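**Q** Here's a structure for you.
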Amino acid sequence: MKAFMDEHFLLNSETAQNLYHNYAKNMPIIDYHCHLNPQMIYDNHRFGNLTEAWINGDHYKWRAMRANGIDEAYITGGEGVQDYDRFLAWTKTVPKTLGNPLFHWSHLELRRLFGIQEIINEHNAPRIWEAANARLEEDDFTTRGLIASCGVKVVCTTDDPADSLEYHVKLAEEGESRFQMLPSFRPDKALEINRPTFTDWVKQLSERCGKDISSYTEFLEALQERVQFFHSVGGRVSDHALDFVPYREATERQVADIFMKALEGRAVSRDEEEQFKTATLLELGRMYAKLGWVMQFHINAHRNNNTRMFRQLGPDTGYDSIHDGLIAEPLVRLLDRLDQEQALPRTILYSLNPRDNDILAALIGSFQGDGIAGKIQFGSAWWFNDTKDGMIEQMSKLGNMGLLSRFVGMLTDSRSFLSYTRHEYFRRVLCDLIGDWVTKGEAPADLPWLGGIVEDICYYNAEAYFRFGQTKEGA
Ligand SMILES: O=C(O)[C@@H](O)[C@H](O)[C@H](O)C(=O)CO
């Protein structure tokens with residue numbers, strides 16, 4: 001019986017162990033999609049205690065604690081509840097997460113970042129609390145220290161077009177030699193024309209650009225201006241949460257009228273919303289292609305399902321799940337429209353519904369080309385699929401229908417600064433998958449060749465694909 005989480009954790013063959021320890025382990029990290037707070041990075045924030053560092057903001061943990069019957073006050077905080085009490089509630093939950101990646105992630109985080117080997121449970125909680133808080137006081141244990149110590153070379157935050165990007169600009173001006181913090185252009189609020197926040201957001205965009213926005217043309221001009229600004233501070237990635245994939249054609253006049261209808265606060269029909277989203281996504285895709293950016297679509301999330309708790313806690317608090325919208329037809333129509341204009345950017349497609357994995361693994365093959373290896377990517381197993389089983393399925397299907405060797409690999413997609421061990425987890429799963437093929441005689445035991453593929457998936461493919469740091473006009 002293997003010891004729990006030893007050096008060969010998840011590596012069930014000699015080839016897997018060789019691939020991980022000699023090729024994957026020390027590769028740098030490009031975290032091209034996450035939700036880390038840019039100000040906390042710029043400020044080089046130091047965490048006050050383990051609860052702030054490990055539980056705050058992490059809705060994965062919150063979700064598990066709720067399922068474990070923990071009272072909300074001990075999850076997201078409440079009157080008179082101490083930070084230690086919330087930490088203790090988490091240590092009571094971890095033993096119940098067996099089978100959930102949280103069990104592995106949590107132990108990896110304590111071992112790799114804090115040097116704590118304890119099994120997490122309420123019995124060991126006092127020792128863990130004391131040892132971890134002592135570690136948090138050490139000089140290197142700040143947000144920038146964590147990012148640097150985990151080998152991260154690029155971290156892409158997720159940013160609204162109307163954001164000033166002041167912390168990205170300041171960090172670039174003051175210089176952080178160990179890694180780049182770059183913005184990702186996340187224009188969800190520009191597309192969500194039916195949300196009550198739309199008109200206020202257009203006002204924010206207008207104020208940020210210092211220009212009036214009283215037509216769809218001016219709206220697009222403002223978005224173009226922000227894309228250009230993101231590019232000027234190193235941004236090379238966009239990201240879209242498409243909870244459903246829109247495709248409904250409309251004339252320019254129709255789209256302009258829909259925009260004005262929304263701007264005047266009048267209700268927009270579902271069909272009109274889809275026409276507006278289609279037109280605006282196509283316009284943004286053209287902008288991204290001109291600048292050589294990467295466009296990401298995060299598809300089929302079912303967000304904020306619990307109305308009562310949304311009112312209490314807001315979004316991204318663990319009350320989301322998986323949607324089941326049909327994606328093949330609208331997604332092909334969207335990508336094909338841009339491809340016909342030779343304006344399809346490098347694109348990464350993720351769906352939260354694993355039912356879509358085969359569709360995405362096959363679909364990306366319809367739009368590869370232009371001499372760009374892996375131009376269209378089937379994205380890393382996302383959110384509820386970010387598990388050992390989910391990663392194996394995503395990489396197996398990509399390998400079955402596309403080129404696993406051209407995969408740009410893992411991202412953390414996290415709000416926690418302690419999540420970079422997710423890359424280790426992914427790399428171990430990757431090496432074990434390939435090692436298994438060798439063990440079964442399904443791949444030659446050519447370690448330099450296989451090791452090269454592993455290094456590419458861990459780092460070099462992403463470096464070549466995103467081209468951060470290159471001033472680029474055109475795809
Ligand atoms: O980018 C998204 O919309 C999702 O990843 C979402 O932010 C979610 O809360 C998350 O972080 C999943 O890891």
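Residue names in the structure tokens use chain letters A, B, ... in the order shown, residue numbers from 1 in each chain, and ligand numbers from 1 in the order shown.
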What lies within 12 Å of Arg195 of chain A using only C-alpha atoms, ignoring chain neighbours under 5 positions off, as a PDB file with C-alpha atoms, in the first residue's frame?
**A**
```
ATOM      1  CA  ASP A 188     -19.393  40.187 -19.376  1.00  0.00           C
ATOM      2  CA  LYS A 189     -21.102  43.377 -18.215  1.00  0.00           C
ATOM      3  CA  ALA A 190     -20.905  44.745 -21.759  1.00  0.00           C
ATOM      4  CA  ASP A 200     -25.014  51.848 -14.948  1.00  0.00           C
ATOM      5  CA  TRP A 201     -22.134  49.871 -16.374  1.00  0.00           C
ATOM      6  CA  VAL A 202     -22.338  51.746 -19.693  1.00  0.00           C
ATOM      7  CA  ALA A 262     -31.648  48.914 -23.267  1.00  0.00           C
ATOM      8  CA  LEU A 263     -29.926  52.240 -22.734  1.00  0.00           C
ATOM      9  CA  GLY A 265     -34.221  51.217 -19.737  1.00  0.00           C
ATOM     10  CA  ARG A 266     -36.789  49.444 -21.911  1.00  0.00           C
ATOM     11  CA  ALA A 267     -37.107  45.639 -21.744  1.00  0.00           C
ATOM     12  CA  VAL A 268     -35.155  43.681 -24.345  1.00  0.00           C
ATOM     13  CA  SER A 269     -36.571  40.330 -25.467  1.00  0.00           C
ATOM     14  CA  ARG A 270     -34.574  37.109 -25.209  1.00  0.00           C
ATOM     15  CA  GLU A 273     -30.574  39.856 -26.222  1.00  0.00           C
TER      16      GLU A 273
END
```
**Q** Got a sec to check which residues lie within 9 Å of ligand 1, using only C-alpha atoms and all ligand atoms, and send them as JSON, numbers by chain?
**A** {"A": [33, 34, 35, 58, 59, 60, 158, 239, 240, 241, 242, 298, 299, 301, 303, 315, 316, 317, 318, 320, 382, 383, 384, 386, 412, 413, 414, 415]}
**Q** Based on the selection just made, write C-alpha atoms of those residues as a PDB file, in the first residue's frame.
**A**
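Saved as again-v6.pdb:
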```pdb
ATOM      1  CA  HIS A  33      -6.841  32.677 -16.042  1.00  0.00           C
ATOM      2  CA  CYS A  34      -7.428  33.389 -12.380  1.00  0.00           C
ATOM      3  CA  HIS A  35      -9.405  35.675 -10.097  1.00  0.00           C
ATOM      4  CA  ASP A  58     -12.690  30.310  -1.615  1.00  0.00           C
ATOM      5  CA  HIS A  59     -16.217  29.266  -2.555  1.00  0.00           C
ATOM      6  CA  TYR A  60     -15.042  25.710  -3.212  1.00  0.00           C
ATOM      7  CA  THR A 158      -9.712  38.843 -14.631  1.00  0.00           C
ATOM      8  CA  ASP A 239     -12.479  35.894 -21.294  1.00  0.00           C
ATOM      9  CA  HIS A 240     -16.238  35.502 -21.654  1.00  0.00           C
ATOM     10  CA  ALA A 241     -18.696  33.775 -19.360  1.00  0.00           C
ATOM     11  CA  LEU A 242     -21.233  32.496 -21.888  1.00  0.00           C
ATOM     12  CA  HIS A 298     -16.390  29.725 -20.446  1.00  0.00           C
ATOM     13  CA  ILE A 299     -19.663  28.062 -21.390  1.00  0.00           C
ATOM     14  CA  ALA A 301     -22.205  27.727 -16.033  1.00  0.00           C
ATOM     15  CA  ARG A 303     -24.817  30.836 -11.808  1.00  0.00           C
ATOM     16  CA  PRO A 315     -22.084  36.150  -6.823  1.00  0.00           C
ATOM     17  CA  ASP A 316     -19.185  33.649  -6.780  1.00  0.00           C
ATOM     18  CA  THR A 317     -20.094  32.378  -3.335  1.00  0.00           C
ATOM     19  CA  GLY A 318     -20.606  28.696  -4.074  1.00  0.00           C
ATOM     20  CA  ASP A 320     -23.483  27.880  -8.962  1.00  0.00           C
ATOM     21  CA  TRP A 382     -12.956  23.687 -15.454  1.00  0.00           C
ATOM     22  CA  TRP A 383     -14.475  24.247 -11.976  1.00  0.00           C
ATOM     23  CA  PHE A 384     -16.610  21.196 -11.153  1.00  0.00           C
ATOM     24  CA  ASP A 386     -11.246  20.345 -12.146  1.00  0.00           C
ATOM     25  CA  THR A 412      -5.814  27.881 -11.447  1.00  0.00           C
ATOM     26  CA  ASP A 413      -9.012  29.889 -12.034  1.00  0.00           C
ATOM     27  CA  SER A 414      -8.801  30.569  -8.327  1.00  0.00           C
ATOM     28  CA  ARG A 415      -9.445  33.409  -5.890  1.00  0.00           C
TER      29      ARG A 415
END
```
**Q** List as JSON lines every residue of segment 312-348 of chain A that is in contact with segment 353-364 of chain A, defined as an atom at most 10 Å from one of its atoms (using only C-alpha atoms), together with the nearest atom pair and the distance in Å rounded to one decimal, sorted by chain and then rising number.
**A**
```
{"residue": "A:Ser321", "atom": "CA", "partner": "A:Asn353", "partner_atom": "CA", "distance": 9.3}
{"residue": "A:Ile322", "atom": "CA", "partner": "A:Asn353", "partner_atom": "CA", "distance": 5.8}
{"residue": "A:His323", "atom": "CA", "partner": "A:Asn353", "partner_atom": "CA", "distance": 6.6}
{"residue": "A:Asp324", "atom": "CA", "partner": "A:Asn353", "partner_atom": "CA", "distance": 6.6}
{"residue": "A:Gly325", "atom": "CA", "partner": "A:Asn353", "partner_atom": "CA", "distance": 8.8}
{"residue": "A:Leu326", "atom": "CA", "partner": "A:Asp356", "partner_atom": "CA", "distance": 8.5}
{"residue": "A:Ile327", "atom": "CA", "partner": "A:Asp356", "partner_atom": "CA", "distance": 7.7}
{"residue": "A:Ala328", "atom": "CA", "partner": "A:Ile359", "partner_atom": "CA", "distance": 6.7}
{"residue": "A:Leu331", "atom": "CA", "partner": "A:Leu363", "partner_atom": "CA", "distance": 8.9}
{"residue": "A:Val332", "atom": "CA", "partner": "A:Leu363", "partner_atom": "CA", "distance": 7.5}
{"residue": "A:Leu335", "atom": "CA", "partner": "A:Ile364", "partner_atom": "CA", "distance": 9.7}
{"residue": "A:Thr347", "atom": "CA", "partner": "A:Ile364", "partner_atom": "CA", "distance": 9.0}
{"residue": "A:Ile348", "atom": "CA", "partner": "A:Ile364", "partner_atom": "CA", "distance": 8.9}
```
**Q** Please provide as a list in words all residues within 9 Å of segment 134-151 of chain A, with the sequence filter that same-chain residues fewer than 6 positions apart are discarded (counting only C-alpha atoms).
**A**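 Once the nearby chain positions are removed, what remains is Asn26, Met27, Pro28, Ile29, Ile30, Met40, Ile41, Tyr42, Asp43, Asn44, His45, Arg46, Phe47, Gly48, Asn49, Leu50, Ala53, Leu113, Phe114, Gly115, Glu176, Arg178, Phe179, Phe417, Leu418, Tyr420 and Thr421 of chain A.
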**Q** When DSSP works through the backbone of this structure, what residues of segment 94-173 of chain A end up as alpha helix (DSSP H), shown as a ChimeraX atom specification?
**A** /A:101-114,125-136,143-149,166-173
**Q** Within 12 Å of Met260 of chain A, counting only C-alpha atoms, which residues show up once you throw out same-chain ones fewer than 4 positions away? Write them as a list in words, please.
**A**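 Here the answer would be Ile193, Phe198, Thr199, Val202, Ile213, Ser214, Ser215, Tyr216, Thr217, Glu218, Phe219, Arg253, Gln254, Val255, Ala256, Glu264, Gly265, Arg266, Ala267, Val268, Glu272 and Phe276 of chain A.
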**Q** Export, as a PDB file, in the first residue's frame, the selected residues with C-alpha atoms.
**A**
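New file part.pdb:
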```pdb
ATOM      1  CA  ILE A 193     -27.850  43.734 -21.800  1.00  0.00           C
ATOM      2  CA  PHE A 198     -26.311  47.280 -17.778  1.00  0.00           C
ATOM      3  CA  THR A 199     -27.085  50.988 -18.014  1.00  0.00           C
ATOM      4  CA  VAL A 202     -22.338  51.746 -19.693  1.00  0.00           C
ATOM      5  CA  ILE A 213     -21.922  56.746 -25.147  1.00  0.00           C
ATOM      6  CA  SER A 214     -25.276  57.384 -26.763  1.00  0.00           C
ATOM      7  CA  SER A 215     -25.187  54.935 -29.644  1.00  0.00           C
ATOM      8  CA  TYR A 216     -24.068  51.383 -30.340  1.00  0.00           C
ATOM      9  CA  THR A 217     -21.267  52.741 -32.517  1.00  0.00           C
ATOM     10  CA  GLU A 218     -19.959  54.820 -29.606  1.00  0.00           C
ATOM     11  CA  PHE A 219     -20.343  51.781 -27.333  1.00  0.00           C
ATOM     12  CA  ARG A 253     -29.710  48.791 -37.512  1.00  0.00           C
ATOM     13  CA  GLN A 254     -31.513  46.175 -35.474  1.00  0.00           C
ATOM     14  CA  VAL A 255     -28.562  45.787 -33.094  1.00  0.00           C
ATOM     15  CA  ALA A 256     -28.215  49.544 -32.730  1.00  0.00           C
ATOM     16  CA  GLU A 264     -33.345  53.852 -22.325  1.00  0.00           C
ATOM     17  CA  GLY A 265     -34.221  51.217 -19.737  1.00  0.00           C
ATOM     18  CA  ARG A 266     -36.789  49.444 -21.911  1.00  0.00           C
ATOM     19  CA  ALA A 267     -37.107  45.639 -21.744  1.00  0.00           C
ATOM     20  CA  VAL A 268     -35.155  43.681 -24.345  1.00  0.00           C
ATOM     21  CA  GLU A 272     -33.033  40.670 -29.021  1.00  0.00           C
ATOM     22  CA  PHE A 276     -27.061  41.892 -29.349  1.00  0.00           C
TER      23      PHE A 276
END
```
**Q** Check the smallest atom-to-atom distance from each of A:Ile120, A:Asn400, A:Arg406, A:Phe244 to Glu463 of chain A using only C-alpha atoms, then report the winner.
**A**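 Closest to Glu463 of chain A of all the choices is A:Arg406.
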**Q** Counting only C-alpha atoms, figure out which residue out of A:Lys96, A:His107, A:Lys203, A:His123 gets nearest to Asp6 of chain A.
**A** A:His107
**Q** Can you tell me how far atom CA of Asp336 of chain A sits from atom CA of Gln368 of chain A, in Å to one decimal?
**A**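 About the pair atom CA of Asp336 of chain A and atom CA of Gln368 of chain A: they are 11.4 Å apart.
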**Q** Between A:Ser106, A:Gln17, A:Pro183, A:Leu313, which is the closest to Ile75 of chain A once you count only C-alpha atoms?
**A**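 Closest to Ile75 of chain A, using only C-alpha atoms: A:Leu313.
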**Q** For Tyr84 of chain A, work out the shell of residues within 10 Å, counting only C-alpha atoms and skipping chain neighbours fewer than 4 positions away, then give it as number ranges by chain.
**A** A: 49-51, 74, 88-90, 125-126, 129
**Q** Run DSSP on the backbone and tell me which residues of segment 8-231 of chain A come out as strand (DSSP E or B); list them as a list in words.
**A** Ile29, Ile30, Asp31, Val152, Lys153, Val154, Val155, Cys156, Thr157, Thr158, Asp159, Gln180, Met181, Leu182, Pro183, Ser184 and Phe185 of chain A
**Q** Those same residues - N, CA and C atoms - I'd like them written as a PDB file, in the first residue's frame.
**A**
```
ATOM      1  N   ILE A  29       5.280  28.279 -14.283  1.00  0.00           N
ATOM      2  CA  ILE A  29       3.817  28.298 -14.428  1.00  0.00           C
ATOM      3  C   ILE A  29       3.392  29.579 -15.144  1.00  0.00           C
ATOM      4  N   ILE A  30       2.511  29.422 -16.136  1.00  0.00           N
ATOM      5  CA  ILE A  30       1.798  30.569 -16.722  1.00  0.00           C
ATOM      6  C   ILE A  30       0.334  30.406 -16.326  1.00  0.00           C
ATOM      7  N   ASP A  31      -0.109  31.226 -15.406  1.00  0.00           N
ATOM      8  CA  ASP A  31      -1.493  31.122 -14.932  1.00  0.00           C
ATOM      9  C   ASP A  31      -2.352  32.102 -15.743  1.00  0.00           C
ATOM     10  N   VAL A 152       5.615  30.918 -10.632  1.00  0.00           N
ATOM     11  CA  VAL A 152       4.694  31.564 -11.577  1.00  0.00           C
ATOM     12  C   VAL A 152       5.429  32.671 -12.327  1.00  0.00           C
ATOM     13  N   LYS A 153       5.394  32.639 -13.647  1.00  0.00           N
ATOM     14  CA  LYS A 153       6.071  33.660 -14.466  1.00  0.00           C
ATOM     15  C   LYS A 153       5.061  34.702 -14.970  1.00  0.00           C
ATOM     16  N   VAL A 154       3.822  34.251 -15.183  1.00  0.00           N
ATOM     17  CA  VAL A 154       2.770  35.186 -15.604  1.00  0.00           C
ATOM     18  C   VAL A 154       1.494  34.855 -14.840  1.00  0.00           C
ATOM     19  N   VAL A 155       0.859  35.865 -14.291  1.00  0.00           N
ATOM     20  CA  VAL A 155      -0.455  35.682 -13.682  1.00  0.00           C
ATOM     21  C   VAL A 155      -1.419  36.648 -14.355  1.00  0.00           C
ATOM     22  N   CYS A 156      -2.475  36.086 -14.953  1.00  0.00           N
ATOM     23  CA  CYS A 156      -3.477  36.917 -15.642  1.00  0.00           C
ATOM     24  C   CYS A 156      -4.707  37.043 -14.748  1.00  0.00           C
ATOM     25  N   THR A 157      -4.915  38.246 -14.259  1.00  0.00           N
ATOM     26  CA  THR A 157      -6.106  38.496 -13.451  1.00  0.00           C
ATOM     27  C   THR A 157      -7.308  38.665 -14.383  1.00  0.00           C
ATOM     28  N   THR A 158      -8.493  38.724 -13.822  1.00  0.00           N
ATOM     29  CA  THR A 158      -9.712  38.843 -14.631  1.00  0.00           C
ATOM     30  C   THR A 158     -10.319  40.215 -14.371  1.00  0.00           C
ATOM     31  N   ASP A 159     -10.366  41.058 -15.416  1.00  0.00           N
ATOM     32  CA  ASP A 159     -10.631  42.475 -15.165  1.00  0.00           C
ATOM     33  C   ASP A 159     -11.734  43.031 -16.065  1.00  0.00           C
ATOM     34  N   GLN A 180       5.135  38.519 -14.219  1.00  0.00           N
ATOM     35  CA  GLN A 180       4.300  39.587 -14.784  1.00  0.00           C
ATOM     36  C   GLN A 180       2.875  39.427 -14.270  1.00  0.00           C
ATOM     37  N   MET A 181       2.250  40.509 -13.862  1.00  0.00           N
ATOM     38  CA  MET A 181       0.816  40.507 -13.580  1.00  0.00           C
ATOM     39  C   MET A 181       0.142  41.227 -14.746  1.00  0.00           C
ATOM     40  N   LEU A 182      -0.645  40.507 -15.536  1.00  0.00           N
ATOM     41  CA  LEU A 182      -1.264  41.079 -16.736  1.00  0.00           C
ATOM     42  C   LEU A 182      -2.782  41.000 -16.625  1.00  0.00           C
ATOM     43  N   PRO A 183      -3.482  41.967 -17.186  1.00  0.00           N
ATOM     44  CA  PRO A 183      -4.947  41.953 -17.128  1.00  0.00           C
ATOM     45  C   PRO A 183      -5.541  41.051 -18.209  1.00  0.00           C
ATOM     46  N   SER A 184      -6.698  40.480 -17.902  1.00  0.00           N
ATOM     47  CA  SER A 184      -7.512  39.799 -18.924  1.00  0.00           C
ATOM     48  C   SER A 184      -8.774  40.612 -19.082  1.00  0.00           C
ATOM     49  N   PHE A 185      -9.210  40.766 -20.295  1.00  0.00           N
ATOM     50  CA  PHE A 185     -10.366  41.600 -20.652  1.00  0.00           C
ATOM     51  C   PHE A 185     -11.632  40.763 -20.529  1.00  0.00           C
TER      52      PHE A 185
END
```
**Q** Kindly indicate which residue among A:Ile70, A:Val245, A:Ala445, A:Val294 lies nearest to Pro330 of chain A, using only C-alpha atoms for the distances.
**A**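 Nearest to Pro330 of chain A: A:Val245.
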